[in-house]
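Chemist: Mind having a look at this structure? Questions to follow.
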Amino acid sequence: MTHEDPGAADGSAADRSDGRPPGLPMLLDAVLSLGTDLELRATLRQIVDTATTLTGARYGALGVLDPEAGAITELFTSGLTDAGRERIGNFPDGHSGLLGVLIDDPQPLRSDDLTADARSCGVPPGHPPMRSFLGAPIRVHNEVFGNLYLTEKITGHFTDTDVALLRILASQAGIAIANARLYETARQRERWIEGAAAVTTALLSGTNADDALMTVAERARILADASAGVILHPTADGGMEIVTASTLDDPAGLVGTTIEPGSPVLVQLLGGEPVFVDDSATDPRMTTHVRSRFGPSMMLPLRSGGRLIGTLALPRRRGGAPYTAVDRLLASQFASQAALALVLADAQHNREQLAVYEDRDRIARDLHDLVVQRLFATEMMLESTRRRAAAPETDELLGRAVDELDSTIQEVRTAIFALQQPPTEAPSTFRGRVLREIRGAASVLGFQPSVQFSGAVDALVRQPVDQQLLVALRGALAAAHRRAGVSAMEVEVDATVRLPDGRSAVQLVVADDGRAEDGSRSTTVTWQAPL
């Protein structure tokens with residue numbers, strides 16, 4: 001009876017009494033419970049907890065392997081604190097000692113005394129003592145996904161039965177992990193497809209170039225769980241410059257950062273190949289001053305028709321999880337679709353602008369060829385009639401009609417002048433709107449008029465005075481364009497003048513060196529309105 005008590009303590013005596021292998025009921029329960037959660041990280045945590053309970057270990061860990069680097073990239077533990085988990089993962093480098101033996105030779109491994117095993121490199125400082133050890137690989141299809149590590153069996157040493165149970169559990173864990181990975185990959189692919197569709201919709205909805213680039217950078221950053229989403233454009237000297245950056249951290253220093261011509265990264269990107277970096281801060285290919293901020297990174301060329309139009313970079317924080325093969329594939333596909341959407345959006349914007357130009361030209365031609373000529377002919381007939389009329393009342397009436405027609409002609413010509421200006425986004429300030437009118441006039445006049453502002457024009461000139469002043473300015477610019485010999489012009493907007501009655505006013509003065517109607521040189525137009 002005394003001999004059977006230890007077996008009963010670990011739940012194996014009852015198993016022996018009915019002929020079943022020790023621990024079989026617990027194994028069956030564990031197998032049934034695995035895979036109930038399709039979320040990968042939850043599945044991995046469940047596996048290590050189940051393995052620890054099934055074998056009676058005090059501590060357990062599941063190390064996820066990077067097949068290319070041959071090292072542990074992520075660690076899930078049971079029975080360890082956060083500090084203990086960090087010590088295990090970093091001692092001494094994540095793949096030495098018995099951990100390294102299991103990585104190099106993925107077969108079940110058992111040791112009864114870590115302190116006496118020559119293959120062991122000891123226990124991390126500050127960690128509780130560990131003697132017994134049991135490890136086994138987890139295979140997903142033919143690939144070693146990771147390893148299970150169990151230490152410090154509560155009842156003594158790990159047995160052959162524990163090894164058998166762990167092997168069965170690891171086999172079932174591989175199936176559960178494969179299912180979880182398929183589910184996660186499908187969900188991840190769905191998110192990237194939805195993101196690419198949202199970007200395409202946003203770009204084709206008519207956003208300007210800067211907003212379009214920010215849309216691509218921000219959506220890619222979120223999808224890739226990156227620290228920043230960055231767009232780079234080729235420079236004139238053959239390098240690349242960051243023109244757009246989306247980040248939740250401090251963006252200072254990102255925009256404007258350049259990659260010098262001849263950089264290995266740049267050579268690869270110009271060749272249409274993506275660049276994948278494990279640690280931006282230490283990779284010798286990375287030469288920018290901001291590389292010390294980031295760890296794993298992807299740099300994806302944005303190409304269209306064999307031409308590189310930019311680069312999408314997605315760096316993660318230092319110490320962040322490396323990008324998987326699925327991450328790289330989905331991000332590359334997103335970059336290809338984003339590049340196509342950018343080109344289509346730019347082409348659509350150009351077509352819309354061309355349509356606006358053509359429509360404006362047609363309206364301007366119609367106004368000039370039909371309306372202005374007819375108004376001018378009518379004005380001439382009225383002027384001739386006025387000169388022949390004898391009655392003073394008729395003369396006055398015809399004079400007013402001639403003046404109204406002349407004013408109408410000036411307004412139509414001003415409208416034609418405005419239609420000939422390139423369509424741009426309206427500035428938000430009054431000063432900006434004045435400068436926009438001046439810049440538009442420069443393209444027609446053939447020279448840049450000088451501009452001078454006096455007083456706080458943005459604060460003082462409000463509606464409706466600002467619109468009235470802009471109309472007067474357009475009229476003066478249009479009149480100057482019609483006069484011969486205009487080669488210089490000065491525009492002054494003064495918000496500090498006083499009217500004779502003492503009220504504050506704004507004054508517009510437009511002077512040019514063209515010929516007036518009387519043949520004299522220099523023409524000045526002055527306009528005032530109370531504020």
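By order in the structure tokens, chains are A, B, ...; within a chain, residues start at 1; ligands start at 1, following the order shown.
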Show me, as JSON lines, the residues of range 113-187 of chain A having an atom within 7 Å of range 42-56 of chain A, each with the closest atom pair and its distance in Å, using only C-alpha atoms.
Modeler:
```
{"residue": "A:Leu150", "atom": "CA", "partner": "A:Thr52", "partner_atom": "CA", "distance": 6.7}
{"residue": "A:Lys153", "atom": "CA", "partner": "A:Gly56", "partner_atom": "CA", "distance": 5.6}
{"residue": "A:Ile154", "atom": "CA", "partner": "A:Gly56", "partner_atom": "CA", "distance": 5.9}
{"residue": "A:Asp162", "atom": "CA", "partner": "A:Thr55", "partner_atom": "CA", "distance": 5.6}
{"residue": "A:Leu166", "atom": "CA", "partner": "A:Ala51", "partner_atom": "CA", "distance": 6.8}
{"residue": "A:Ala173", "atom": "CA", "partner": "A:Ile47", "partner_atom": "CA", "distance": 6.6}
{"residue": "A:Ile177", "atom": "CA", "partner": "A:Thr43", "partner_atom": "CA", "distance": 7.0}
```
Chemist: Next, dump the selected residues to file, keeping only N, CA and C atoms, as a short mmCIF file (atom, residue, chain, number, x, y, z; two decimals), in the first residue's frame.
Modeler:
```
data_model
loop_
_atom_site.label_atom_id
_atom_site.label_comp_id
_atom_site.auth_asym_id
_atom_site.auth_seq_id
_atom_site.Cartn_x
_atom_site.Cartn_y
_atom_site.Cartn_z
N LEU A 150 9.87 21.68 -20.83
CA LEU A 150 9.27 21.45 -19.52
C LEU A 150 10.38 21.19 -18.50
N LYS A 153 9.92 18.62 -12.75
CA LYS A 153 8.74 17.79 -12.49
C LYS A 153 8.49 17.73 -10.99
N ILE A 154 7.25 17.87 -10.63
CA ILE A 154 6.90 18.01 -9.21
C ILE A 154 7.25 16.75 -8.43
N ASP A 162 6.10 10.13 -19.61
CA ASP A 162 5.99 11.57 -19.87
C ASP A 162 6.46 11.90 -21.28
N LEU A 166 4.11 13.49 -24.10
CA LEU A 166 4.47 14.76 -24.71
C LEU A 166 4.57 14.65 -26.23
N ALA A 173 -0.79 19.02 -31.16
CA ALA A 173 -0.59 20.47 -31.15
C ALA A 173 -0.24 20.98 -32.54
N ILE A 177 -2.19 23.88 -34.37
CA ILE A 177 -1.48 25.08 -34.83
C ILE A 177 -1.69 25.30 -36.32
#
```
Chemist: Quick one: residues within 8 Å of Ala331 in chain A, only C-alpha atoms counted, chain neighbours fewer than 2 positions away excluded, as a list in words?
Modeler: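 Contacts, in chain order: Trp192, Ala220, Ala224, Leu300, Asp327, Arg328, Leu329, Gln333, Phe334 and Ala335 of chain A.
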Chemist: Go ahead and write the selection's residues with N, CA and C atoms as a compact mmCIF listing (two decimals), in the first residue's frame.
Modeler:
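Once everything was written out, this is selection_21.txt:
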```txt
# COMPACT_ATOMS: atom_id res chain seq x y z
N TRP A 192 -6.17 42.62 -45.34
CA TRP A 192 -5.35 43.31 -46.34
C TRP A 192 -6.15 43.60 -47.61
N ALA A 220 -1.60 51.15 -44.61
CA ALA A 220 -0.58 50.10 -44.59
C ALA A 220 0.02 49.96 -43.19
N ALA A 224 -0.18 46.39 -41.17
CA ALA A 224 1.07 45.70 -40.87
C ALA A 224 1.44 45.77 -39.40
N LEU A 300 8.88 48.36 -49.75
CA LEU A 300 8.20 47.75 -50.89
C LEU A 300 8.13 48.75 -52.05
N ASP A 327 3.17 37.95 -43.90
CA ASP A 327 3.17 39.41 -43.82
C ASP A 327 3.81 40.02 -45.06
N ARG A 328 4.95 39.48 -45.43
CA ARG A 328 5.69 40.03 -46.56
C ARG A 328 4.91 39.87 -47.87
N LEU A 329 4.29 38.71 -48.04
CA LEU A 329 3.53 38.46 -49.27
C LEU A 329 2.33 39.41 -49.37
N GLN A 333 1.64 42.51 -52.07
CA GLN A 333 0.45 42.58 -52.92
C GLN A 333 -0.29 43.90 -52.71
N PHE A 334 -0.35 44.35 -51.46
CA PHE A 334 -0.99 45.63 -51.15
C PHE A 334 -0.25 46.77 -51.85
N ALA A 335 1.09 46.74 -51.81
CA ALA A 335 1.88 47.80 -52.45
C ALA A 335 1.64 47.83 -53.96
```
Chemist: Pick from A:Asn142, A:Gln467, A:Gln188, A:Ser487: nearest to Val444 in chain A, with only C-alpha atoms counted?
Modeler: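 Checking each of A:Asn142, A:Gln467, A:Gln188, A:Ser487 against Val444 in chain A, counting only C-alpha atoms, the winner is A:Ser487.
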Chemist: Excluding same-chain residues fewer than 6 positions from range 503-509 of chain A, what lies within 7 Å of it counting only C-alpha atoms, as JSON, numbers by chain?
Modeler: {"A": [491, 492, 493, 494, 495, 496, 497, 524, 525, 526, 527, 528, 529, 530, 531]}
Chemist: Go ahead and dump the residues you just picked, C-alpha atoms, as a tab-separated table (two decimals), in the first residue's frame.
Modeler:
```tsv
chain	number	residue	atom	x	y	z
A	491	VAL	CA	-0.48	96.42	-56.34
A	492	GLU	CA	-1.00	97.88	-52.87
A	493	VAL	CA	-3.62	96.80	-50.32
A	494	ASP	CA	-3.75	99.24	-47.38
A	495	ALA	CA	-6.01	98.51	-44.39
A	496	THR	CA	-4.84	101.56	-42.40
A	497	VAL	CA	-6.45	104.40	-44.39
A	524	THR	CA	-3.54	104.02	-61.72
A	525	VAL	CA	-6.75	102.44	-60.44
A	526	THR	CA	-7.81	103.33	-56.89
A	527	TRP	CA	-10.63	101.63	-54.98
A	528	GLN	CA	-11.80	102.17	-51.39
A	529	ALA	CA	-14.39	100.67	-49.07
A	530	PRO	CA	-15.14	101.17	-45.36
A	531	LEU	CA	-14.29	98.32	-43.02
```
Chemist: Taking only C-alpha atoms into account, which of A:Leu330, A:Val290, A:Gly135, A:Gln107 comes nearest Tyr59 in chain A?
Modeler: A:Gly135
Chemist: List the spatial neighbours of Gln448 in chain A as a PyMOL selection string - criterion: any atom at most 9 Å away, only C-alpha atoms, same-chain residues fewer than 4 positions off excluded.
Modeler: chain A and resi 438-439+441-443+488-489
Chemist: Could you write out that same residue set with N, CA and C atoms as a CSV table (one decimal), in the first residue's frame?
Modeler:
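Written file, again-v1.csv:
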```csv
chain,number,residue,atom,x,y,z
A,438,ILE,N,-2.9,87.6,-58.1
A,438,ILE,CA,-1.6,88.2,-58.7
A,438,ILE,C,-0.9,87.1,-59.4
A,439,ARG,N,-0.7,85.9,-58.8
A,439,ARG,CA,0.0,84.8,-59.5
A,439,ARG,C,-0.7,84.5,-60.8
A,441,ALA,N,-2.5,86.4,-62.7
A,441,ALA,CA,-2.3,87.5,-63.6
A,441,ALA,C,-0.9,87.4,-64.3
A,442,ALA,N,0.1,87.0,-63.5
A,442,ALA,CA,1.4,86.9,-64.0
A,442,ALA,C,1.5,86.0,-65.2
A,443,SER,N,0.8,84.9,-65.2
A,443,SER,CA,0.8,83.9,-66.3
A,443,SER,C,0.3,84.5,-67.6
A,488,ALA,N,5.2,96.6,-66.3
A,488,ALA,CA,5.4,96.6,-64.9
A,488,ALA,C,4.1,97.0,-64.2
A,489,MET,N,3.9,96.4,-63.0
A,489,MET,CA,2.6,96.7,-62.3
A,489,MET,C,2.9,96.6,-60.8
```
